[in-house]
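> What follows is the file coords25.pdb, containing PDB, N, CA, C and O atoms:
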ATOM      1  N   MET A   1      58.966  91.694 126.703
ATOM      2  CA  MET A   1      58.213  90.480 126.923
ATOM      3  C   MET A   1      57.736  89.911 125.587
ATOM      4  O   MET A   1      57.802  88.710 125.349
ATOM      5  N   ASP A   2      57.280  90.800 124.700
ATOM      6  CA  ASP A   2      56.785  90.346 123.407
ATOM      7  C   ASP A   2      57.883  89.672 122.595
ATOM      8  O   ASP A   2      57.648  88.672 121.928
ATOM      9  N   SER A   3      59.115  90.190 122.668
ATOM     10  CA  SER A   3      60.208  89.590 121.902
ATOM     11  C   SER A   3      60.578  88.205 122.434
ATOM     12  O   SER A   3      61.121  87.385 121.699
ATOM     13  N   MET A   4      60.294  87.923 123.675
ATOM     14  CA  MET A   4      60.531  86.588 124.229
ATOM     15  C   MET A   4      59.478  85.605 123.735
ATOM     16  O   MET A   4      59.774  84.461 123.435
ATOM     17  N   ARG A   5      58.243  86.061 123.657
ATOM     18  CA  ARG A   5      57.149  85.197 123.216
ATOM     19  C   ARG A   5      57.150  84.977 121.710
ATOM     20  O   ARG A   5      56.741  83.925 121.232
ATOM     21  N   ASN A   6      57.585  85.972 120.960
ATOM     22  CA  ASN A   6      57.583  85.924 119.489
ATOM     23  C   ASN A   6      58.951  86.354 118.962
ATOM     24  O   ASN A   6      59.086  87.447 118.411
ATOM     25  N   PRO A   7      59.986  85.529 119.100
ATOM     26  CA  PRO A   7      61.346  85.960 118.767
ATOM     27  C   PRO A   7      61.571  86.304 117.299
ATOM     28  O   PRO A   7      62.451  87.078 116.989
ATOM     29  N   SER A   8      60.792  85.761 116.383
ATOM     30  CA  SER A   8      61.012  86.027 114.963
ATOM     31  C   SER A   8      60.086  87.100 114.408
ATOM     32  O   SER A   8      60.064  87.343 113.210
ATOM     33  N   ARG A   9      59.345  87.738 115.252
ATOM     34  CA  ARG A   9      58.440  88.793 114.825
ATOM     35  C   ARG A   9      59.220  89.981 114.289
ATOM     36  O   ARG A   9      60.371  90.208 114.664
ATOM     37  N   ARG A  10      58.608  90.768 113.444
ATOM     38  CA  ARG A  10      59.270  91.931 112.855
ATOM     39  C   ARG A  10      59.841  92.818 113.953
ATOM     40  O   ARG A  10      59.142  93.199 114.896
ATOM     41  N   LEU A  11      61.110  93.162 113.812
ATOM     42  CA  LEU A  11      61.795  93.984 114.805
ATOM     43  C   LEU A  11      61.746  95.450 114.408
ATOM     44  O   LEU A  11      61.357  95.796 113.304
ATOM     45  N   ALA A  12      62.170  96.288 115.306
ATOM     46  CA  ALA A  12      62.231  97.724 115.022
ATOM     47  C   ALA A  12      63.120  97.970 113.820
ATOM     48  O   ALA A  12      64.101  97.271 113.592
ATOM     49  N   GLN A  13      62.792  98.973 113.060
ATOM     50  CA  GLN A  13      63.555  99.284 111.865
ATOM     51  C   GLN A  13      64.969  99.711 112.221
ATOM     52  O   GLN A  13      65.185 100.444 113.177
ATOM     53  N   GLY A  14      65.933  99.226 111.441
ATOM     54  CA  GLY A  14      67.325  99.584 111.653
ATOM     55  C   GLY A  14      67.623 100.995 111.176
ATOM     56  O   GLY A  14      66.924 101.527 110.331
ATOM     57  N   ILE A  15      68.664 101.582 111.695
ATOM     58  CA  ILE A  15      69.026 102.953 111.339
ATOM     59  C   ILE A  15      69.464 103.040 109.883
ATOM     60  O   ILE A  15      69.043 103.908 109.157
ATOM     61  N   THR A  16      70.304 102.077 109.436
ATOM     62  CA  THR A  16      70.852 102.159 108.089
ATOM     63  C   THR A  16      69.914 101.598 107.035
ATOM     64  O   THR A  16      70.084 101.873 105.864
ATOM     65  N   GLU A  17      68.945 100.826 107.431
ATOM     66  CA  GLU A  17      68.045 100.209 106.470
ATOM     67  C   GLU A  17      66.599 100.450 106.889
ATOM     68  O   GLU A  17      65.791  99.533 106.963
ATOM     69  N   ALA A  18      66.261 101.679 107.118
ATOM     70  CA  ALA A  18      64.963 102.021 107.697
ATOM     71  C   ALA A  18      63.780 101.582 106.842
ATOM     72  O   ALA A  18      62.708 101.331 107.362
ATOM     73  N   MET A  19      63.950 101.464 105.552
ATOM     74  CA  MET A  19      62.830 101.133 104.688
ATOM     75  C   MET A  19      62.690  99.627 104.434
ATOM     76  O   MET A  19      61.736  99.195 103.826
ATOM     77  N   LYS A  20      63.612  98.838 104.902
ATOM     78  CA  LYS A  20      63.535  97.395 104.698
ATOM     79  C   LYS A  20      62.700  96.747 105.787
ATOM     80  O   LYS A  20      62.616  97.231 106.903
ATOM     81  N   GLU A  21      62.113  95.613 105.461
ATOM     82  CA  GLU A  21      61.274  94.880 106.404
ATOM     83  C   GLU A  21      62.078  94.379 107.598
ATOM     84  O   GLU A  21      61.600  94.345 108.712
ATOM     85  N   PHE A  22      63.325  94.006 107.370
ATOM     86  CA  PHE A  22      64.123  93.362 108.408
ATOM     87  C   PHE A  22      65.559  93.810 108.232
ATOM     88  O   PHE A  22      66.192  93.489 107.242
ATOM     89  N   SER A  23      66.080  94.564 109.161
ATOM     90  CA  SER A  23      67.428  95.107 108.999
ATOM     91  C   SER A  23      68.483  94.011 109.041
ATOM     92  O   SER A  23      68.312  92.995 109.705
ATOM     93  N   GLN A  24      69.597  94.206 108.346
ATOM     94  CA  GLN A  24      70.654  93.211 108.242
ATOM     95  C   GLN A  24      71.290  92.897 109.592
ATOM     96  O   GLN A  24      71.792  91.807 109.800
ATOM     97  N   GLU A  25      71.227  93.820 110.535
ATOM     98  CA  GLU A  25      71.879  93.592 111.819
ATOM     99  C   GLU A  25      71.287  92.412 112.582
ATOM    100  O   GLU A  25      71.890  91.932 113.527
ATOM    101  N   TYR A  26      70.117  91.912 112.166
ATOM    102  CA  TYR A  26      69.500  90.776 112.830
ATOM    103  C   TYR A  26      69.493  89.535 111.942
ATOM    104  O   TYR A  26      68.796  88.584 112.232
ATOM    105  N   GLU A  27      70.231  89.538 110.854
ATOM    106  CA  GLU A  27      70.218  88.430 109.911
ATOM    107  C   GLU A  27      71.090  87.281 110.428
ATOM    108  O   GLU A  27      72.280  87.433 110.630
ATOM    109  N   THR A  28      70.469  86.132 110.653
ATOM    110  CA  THR A  28      71.174  84.942 111.126
ATOM    111  C   THR A  28      71.787  84.222 109.944
ATOM    112  O   THR A  28      71.195  84.154 108.868
ATOM    113  N   VAL A  29      72.973  83.671 110.144
ATOM    114  CA  VAL A  29      73.654  82.947 109.075
ATOM    115  C   VAL A  29      74.236  81.647 109.618
ATOM    116  O   VAL A  29      74.705  81.587 110.751
ATOM    117  N   ASN A  30      74.139  80.601 108.804
ATOM    118  CA  ASN A  30      74.774  79.312 109.081
ATOM    119  C   ASN A  30      75.791  79.086 107.981
ATOM    120  O   ASN A  30      75.434  79.112 106.795
ATOM    121  N   VAL A  31      77.044  78.887 108.357
ATOM    122  CA  VAL A  31      78.146  78.752 107.407
ATOM    123  C   VAL A  31      78.838  77.414 107.621
ATOM    124  O   VAL A  31      79.040  76.988 108.758
ATOM    125  N   VAL A  32      79.192  76.768 106.502
ATOM    126  CA  VAL A  32      80.038  75.577 106.555
ATOM    127  C   VAL A  32      81.293  75.924 105.758
ATOM    128  O   VAL A  32      81.205  76.247 104.568
ATOM    129  N   ASP A  33      82.453  75.884 106.412
ATOM    130  CA  ASP A  33      83.699  76.265 105.741
ATOM    131  C   ASP A  33      84.245  75.113 104.896
ATOM    132  O   ASP A  33      83.650  74.032 104.821
ATOM    133  N   GLU A  34      85.383  75.342 104.278
ATOM    134  CA  GLU A  34      85.962  74.354 103.361
ATOM    135  C   GLU A  34      86.374  73.055 104.056
ATOM    136  O   GLU A  34      86.473  72.013 103.414
ATOM    137  N   ARG A  35      86.573  73.078 105.370
ATOM    138  CA  ARG A  35      86.937  71.876 106.124
ATOM    139  C   ARG A  35      85.713  71.158 106.701
ATOM    140  O   ARG A  35      85.844  70.142 107.363
ATOM    141  N   GLY A  36      84.527  71.735 106.510
ATOM    142  CA  GLY A  36      83.308  71.133 107.011
ATOM    143  C   GLY A  36      82.899  71.622 108.388
ATOM    144  O   GLY A  36      81.919  71.140 108.954
ATOM    145  N   GLN A  37      83.638  72.594 108.926
ATOM    146  CA  GLN A  37      83.303  73.148 110.233
ATOM    147  C   GLN A  37      82.096  74.074 110.107
ATOM    148  O   GLN A  37      82.015  74.890 109.186
ATOM    149  N   LYS A  38      81.143  73.946 111.046
ATOM    150  CA  LYS A  38      79.909  74.728 111.004
ATOM    151  C   LYS A  38      79.967  75.905 111.973
ATOM    152  O   LYS A  38      80.470  75.775 113.084
ATOM    153  N   PHE A  39      79.430  77.025 111.530
ATOM    154  CA  PHE A  39      79.367  78.247 112.319
ATOM    155  C   PHE A  39      77.951  78.806 112.239
ATOM    156  O   PHE A  39      77.335  78.775 111.173
ATOM    157  N   GLN A  40      77.447  79.322 113.340
ATOM    158  CA  GLN A  40      76.138  79.965 113.363
ATOM    159  C   GLN A  40      76.276  81.287 114.096
ATOM    160  O   GLN A  40      76.952  81.372 115.121
ATOM    161  N   GLY A  41      75.649  82.322 113.559
ATOM    162  CA  GLY A  41      75.734  83.625 114.197
ATOM    163  C   GLY A  41      75.003  84.682 113.401
ATOM    164  O   GLY A  41      74.020  84.386 112.727
ATOM    165  N   VAL A  42      75.499  85.915 113.479
ATOM    166  CA  VAL A  42      74.884  87.031 112.763
ATOM    167  C   VAL A  42      75.899  87.660 111.815
ATOM    168  O   VAL A  42      77.098  87.688 112.077
ATOM    169  N   VAL A  43      75.387  88.178 110.703
ATOM    170  CA  VAL A  43      76.215  88.842 109.705
ATOM    171  C   VAL A  43      76.647  90.202 110.233
ATOM    172  O   VAL A  43      75.828  90.975 110.718
ATOM    173  N   LEU A  44      77.946  90.480 110.151
ATOM    174  CA  LEU A  44      78.454  91.805 110.514
ATOM    175  C   LEU A  44      78.674  92.643 109.260
ATOM    176  O   LEU A  44      78.263  93.795 109.192
ATOM    177  N   ASN A  45      79.362  92.063 108.275
ATOM    178  CA  ASN A  45      79.645  92.726 107.000
ATOM    179  C   ASN A  45      79.658  91.682 105.905
ATOM    180  O   ASN A  45      79.998  90.521 106.141
ATOM    181  N   GLU A  46      79.316  92.132 104.703
ATOM    182  CA  GLU A  46      79.333  91.224 103.565
ATOM    183  C   GLU A  46      79.533  92.022 102.291
ATOM    184  O   GLU A  46      78.990  93.118 102.141
ATOM    185  N   ASP A  47      80.334  91.476 101.374
ATOM    186  CA  ASP A  47      80.459  92.037 100.044
ATOM    187  C   ASP A  47      80.424  90.877  99.051
ATOM    188  O   ASP A  47      80.075  89.765  99.419
ATOM    189  N   ASN A  48      80.801  91.117  97.817
ATOM    190  CA  ASN A  48      80.738  90.067  96.796
ATOM    191  C   ASN A  48      81.713  88.920  97.049
ATOM    192  O   ASN A  48      81.502  87.811  96.564
ATOM    193  N   PHE A  49      82.771  89.162  97.812
ATOM    194  CA  PHE A  49      83.824  88.170  97.966
ATOM    195  C   PHE A  49      83.996  87.637  99.384
ATOM    196  O   PHE A  49      84.563  86.570  99.577
ATOM    197  N   THR A  50      83.557  88.388 100.380
ATOM    198  CA  THR A  50      83.783  87.982 101.774
ATOM    199  C   THR A  50      82.508  88.089 102.612
ATOM    200  O   THR A  50      81.574  88.812 102.269
ATOM    201  N   LEU A  51      82.527  87.371 103.722
ATOM    202  CA  LEU A  51      81.448  87.404 104.701
ATOM    203  C   LEU A  51      82.088  87.474 106.079
ATOM    204  O   LEU A  51      82.936  86.645 106.419
ATOM    205  N   GLN A  52      81.726  88.477 106.846
ATOM    206  CA  GLN A  52      82.200  88.602 108.223
ATOM    207  C   GLN A  52      81.012  88.364 109.135
ATOM    208  O   GLN A  52      79.941  88.934 108.934
ATOM    209  N   MET A  53      81.203  87.498 110.133
ATOM    210  CA  MET A  53      80.114  87.161 111.042
ATOM    211  C   MET A  53      80.605  87.058 112.466
ATOM    212  O   MET A  53      81.798  86.882 112.706
ATOM    213  N   MET A  54      79.684  87.172 113.413
ATOM    214  CA  MET A  54      79.975  86.910 114.813
ATOM    215  C   MET A  54      79.183  85.665 115.191
ATOM    216  O   MET A  54      77.967  85.615 114.996
ATOM    217  N   ASP A  55      79.877  84.661 115.722
ATOM    218  CA  ASP A  55      79.204  83.413 116.069
ATOM    219  C   ASP A  55      78.524  83.513 117.433
ATOM    220  O   ASP A  55      78.558  84.549 118.095
ATOM    221  N   THR A  56      77.906  82.430 117.844
ATOM    222  CA  THR A  56      77.157  82.409 119.100
ATOM    223  C   THR A  56      78.046  82.492 120.336
ATOM    224  O   THR A  56      77.550  82.677 121.445
ATOM    225  N   HIS A  57      79.371  82.372 120.153
ATOM    226  CA  HIS A  57      80.333  82.512 121.251
ATOM    227  C   HIS A  57      81.007  83.887 121.225
ATOM    228  O   HIS A  57      82.034  84.093 121.858
ATOM    229  N   GLU A  58      80.442  84.803 120.418
ATOM    230  CA  GLU A  58      80.926  86.174 120.251
ATOM    231  C   GLU A  58      82.324  86.244 119.642
ATOM    232  O   GLU A  58      83.069  87.193 119.880
ATOM    233  N   GLN A  59      82.674  85.253 118.831
ATOM    234  CA  GLN A  59      83.928  85.254 118.082
ATOM    235  C   GLN A  59      83.648  85.762 116.671
ATOM    236  O   GLN A  59      82.661  85.364 116.045
ATOM    237  N   VAL A  60      84.496  86.647 116.170
ATOM    238  CA  VAL A  60      84.325  87.200 114.829
ATOM    239  C   VAL A  60      85.118  86.354 113.837
ATOM    240  O   VAL A  60      86.268  85.981 114.093
ATOM    241  N   HIS A  61      84.485  86.042 112.700
ATOM    242  CA  HIS A  61      85.104  85.228 111.651
ATOM    243  C   HIS A  61      84.984  85.962 110.322
ATOM    244  O   HIS A  61      83.962  86.591 110.045
ATOM    245  N   LEU A  62      86.010  85.844 109.499
ATOM    246  CA  LEU A  62      85.999  86.403 108.153
ATOM    247  C   LEU A  62      86.226  85.260 107.183
ATOM    248  O   LEU A  62      87.215  84.528 107.291
ATOM    249  N   PHE A  63      85.296  85.088 106.244
ATOM    250  CA  PHE A  63      85.377  83.998 105.277
ATOM    251  C   PHE A  63      85.461  84.541 103.864
ATOM    252  O   PHE A  63      84.843  85.550 103.544
ATOM    253  N   GLU A  64      86.202  83.827 103.008
ATOM    254  CA  GLU A  64      86.161  84.085 101.574
ATOM    255  C   GLU A  64      85.020  83.249 101.023
ATOM    256  O   GLU A  64      85.000  82.030 101.189
ATOM    257  N   LYS A  65      84.058  83.883 100.392
ATOM    258  CA  LYS A  65      82.873  83.179  99.925
ATOM    259  C   LYS A  65      83.190  82.034  98.970
ATOM    260  O   LYS A  65      82.531  81.004  98.999
ATOM    261  N   GLY A  66      84.196  82.206  98.129
ATOM    262  CA  GLY A  66      84.557  81.183  97.156
ATOM    263  C   GLY A  66      85.069  79.900  97.785
ATOM    264  O   GLY A  66      85.102  78.856  97.124
ATOM    265  N   LYS A  67      85.468  79.937  99.039
ATOM    266  CA  LYS A  67      85.999  78.762  99.726
ATOM    267  C   LYS A  67      84.980  78.089 100.642
ATOM    268  O   LYS A  67      85.292  77.080 101.264
ATOM    269  N   LEU A  68      83.784  78.638 100.736
ATOM    270  CA  LEU A  68      82.777  78.078 101.638
ATOM    271  C   LEU A  68      81.990  76.962 100.957
ATOM    272  O   LEU A  68      81.688  77.032  99.774
ATOM    273  N   ARG A  69      81.624  75.945 101.734
ATOM    274  CA  ARG A  69      80.764  74.871 101.225
ATOM    275  C   ARG A  69      79.316  75.336 101.143
ATOM    276  O   ARG A  69      78.614  75.004 100.192
ATOM    277  N   SER A  70      78.872  76.089 102.163
ATOM    278  CA  SER A  70      77.498  76.595 102.127
ATOM    279  C   SER A  70      77.337  77.818 103.019
ATOM    280  O   SER A  70      78.067  77.987 103.997
ATOM    281  N   VAL A  71      76.364  78.633 102.644
ATOM    282  CA  VAL A  71      75.966  79.804 103.415
ATOM    283  C   VAL A  71      74.443  79.849 103.371
ATOM    284  O   VAL A  71      73.856  79.935 102.298
ATOM    285  N   ASP A  72      73.814  79.745 104.522
ATOM    286  CA  ASP A  72      72.354  79.800 104.609
ATOM    287  C   ASP A  72      71.963  80.925 105.534
ATOM    288  O   ASP A  72      72.338  80.941 106.704
ATOM    289  N   LYS A  73      71.192  81.869 104.995
ATOM    290  CA  LYS A  73      70.741  83.007 105.786
ATOM    291  C   LYS A  73      69.291  82.793 106.192
ATOM    292  O   LYS A  73      68.516  82.196 105.466
ATOM    293  N   SER A  74      68.971  83.291 107.366
ATOM    294  CA  SER A  74      67.624  83.147 107.896
ATOM    295  C   SER A  74      67.223  84.429 108.591
ATOM    296  O   SER A  74      68.070  85.125 109.153
ATOM    297  N   ARG A  75      65.962  84.718 108.584
ATOM    298  CA  ARG A  75      65.474  85.904 109.282
ATOM    299  C   ARG A  75      64.712  85.493 110.530
ATOM    300  O   ARG A  75      63.914  86.257 111.048
ATOM    301  N   GLU A  76      64.964  84.304 111.018
ATOM    302  CA  GLU A  76      64.338  83.839 112.234
ATOM    303  C   GLU A  76      65.321  83.921 113.387
ATOM    304  O   GLU A  76      66.517  83.736 113.203
ATOM    305  N   SER A  77      64.821  84.191 114.577
ATOM    306  CA  SER A  77      65.680  84.220 115.762
ATOM    307  C   SER A  77      65.961  82.823 116.221
ATOM    308  O   SER A  77      65.155  81.937 116.069
TER     309      SER A  77
END
Using the file provided, produce a representation of the structure as structure tokens.


Amino acid sequence: MDSMRNPSRRLAQGITEAMKEFSQEYETVNVVDERGQKFQGVVLNEDNFTLQMMDTHEQVHLFEKGKLRSVDKSRES
């Protein structure tokens, strides 16, 4: 019930990032690709060159960071 009333409130600590304030598994991302198409979802994996995300339609996307117009991360639900 509390998570419905306060969706952006601090969540339970993640297994892999127990000491961080907000685990990466809940990190929201907004991406605009090289064609101008917009995607919103959560980060699955990321390194220096690529970003893998699952969008709001549960589709997985893999992007090359160098080809993206923008990447905006948010810790809000």

> Mind checking which residues fall within 7 Å of Val32 in chain A, counting all atoms listed in the file, ignoring those fewer than 3 positions away in the same chain, and posting them as JSON, numbers by chain?

{"A": [35, 36, 37, 38, 39, 67, 68, 69, 70, 71, 72]}

> Grab the atom C of Met53 in chain A to atom N of Gln40 in chain A distance for me, in Å with one decimal place.

8.4 Å

> Quick one: which residues end up in the PyMOL selection byres ((chain A and resi 45) around 8) for this structure, as a VMD selection string?

chain A and resid 24 42 to 44 46 to 47 50 to 54 61 to 63

> Distance CA of Arg75 in chain A-CA of Gly41 in chain A, one decimal place?

11.6 Å

> Figure out the distance between atom N of Lys73 in chain A and atom O of Asn30 in chain A, please, to one decimal in Å.

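Answer for the atom O of Asn30 in chain A to atom N of Lys73 in chain A separation: 5.4 Å.
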
> Calculated over all atoms listed in the file, which of the candidates A:Ser74, A:Asn48, A:Lys65, A:Asp55 has the smallest distance to Glu27 in chain A?

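When distances to Glu27 in chain A are compared using all atoms listed in the file, the smallest one comes from A:Ser74.
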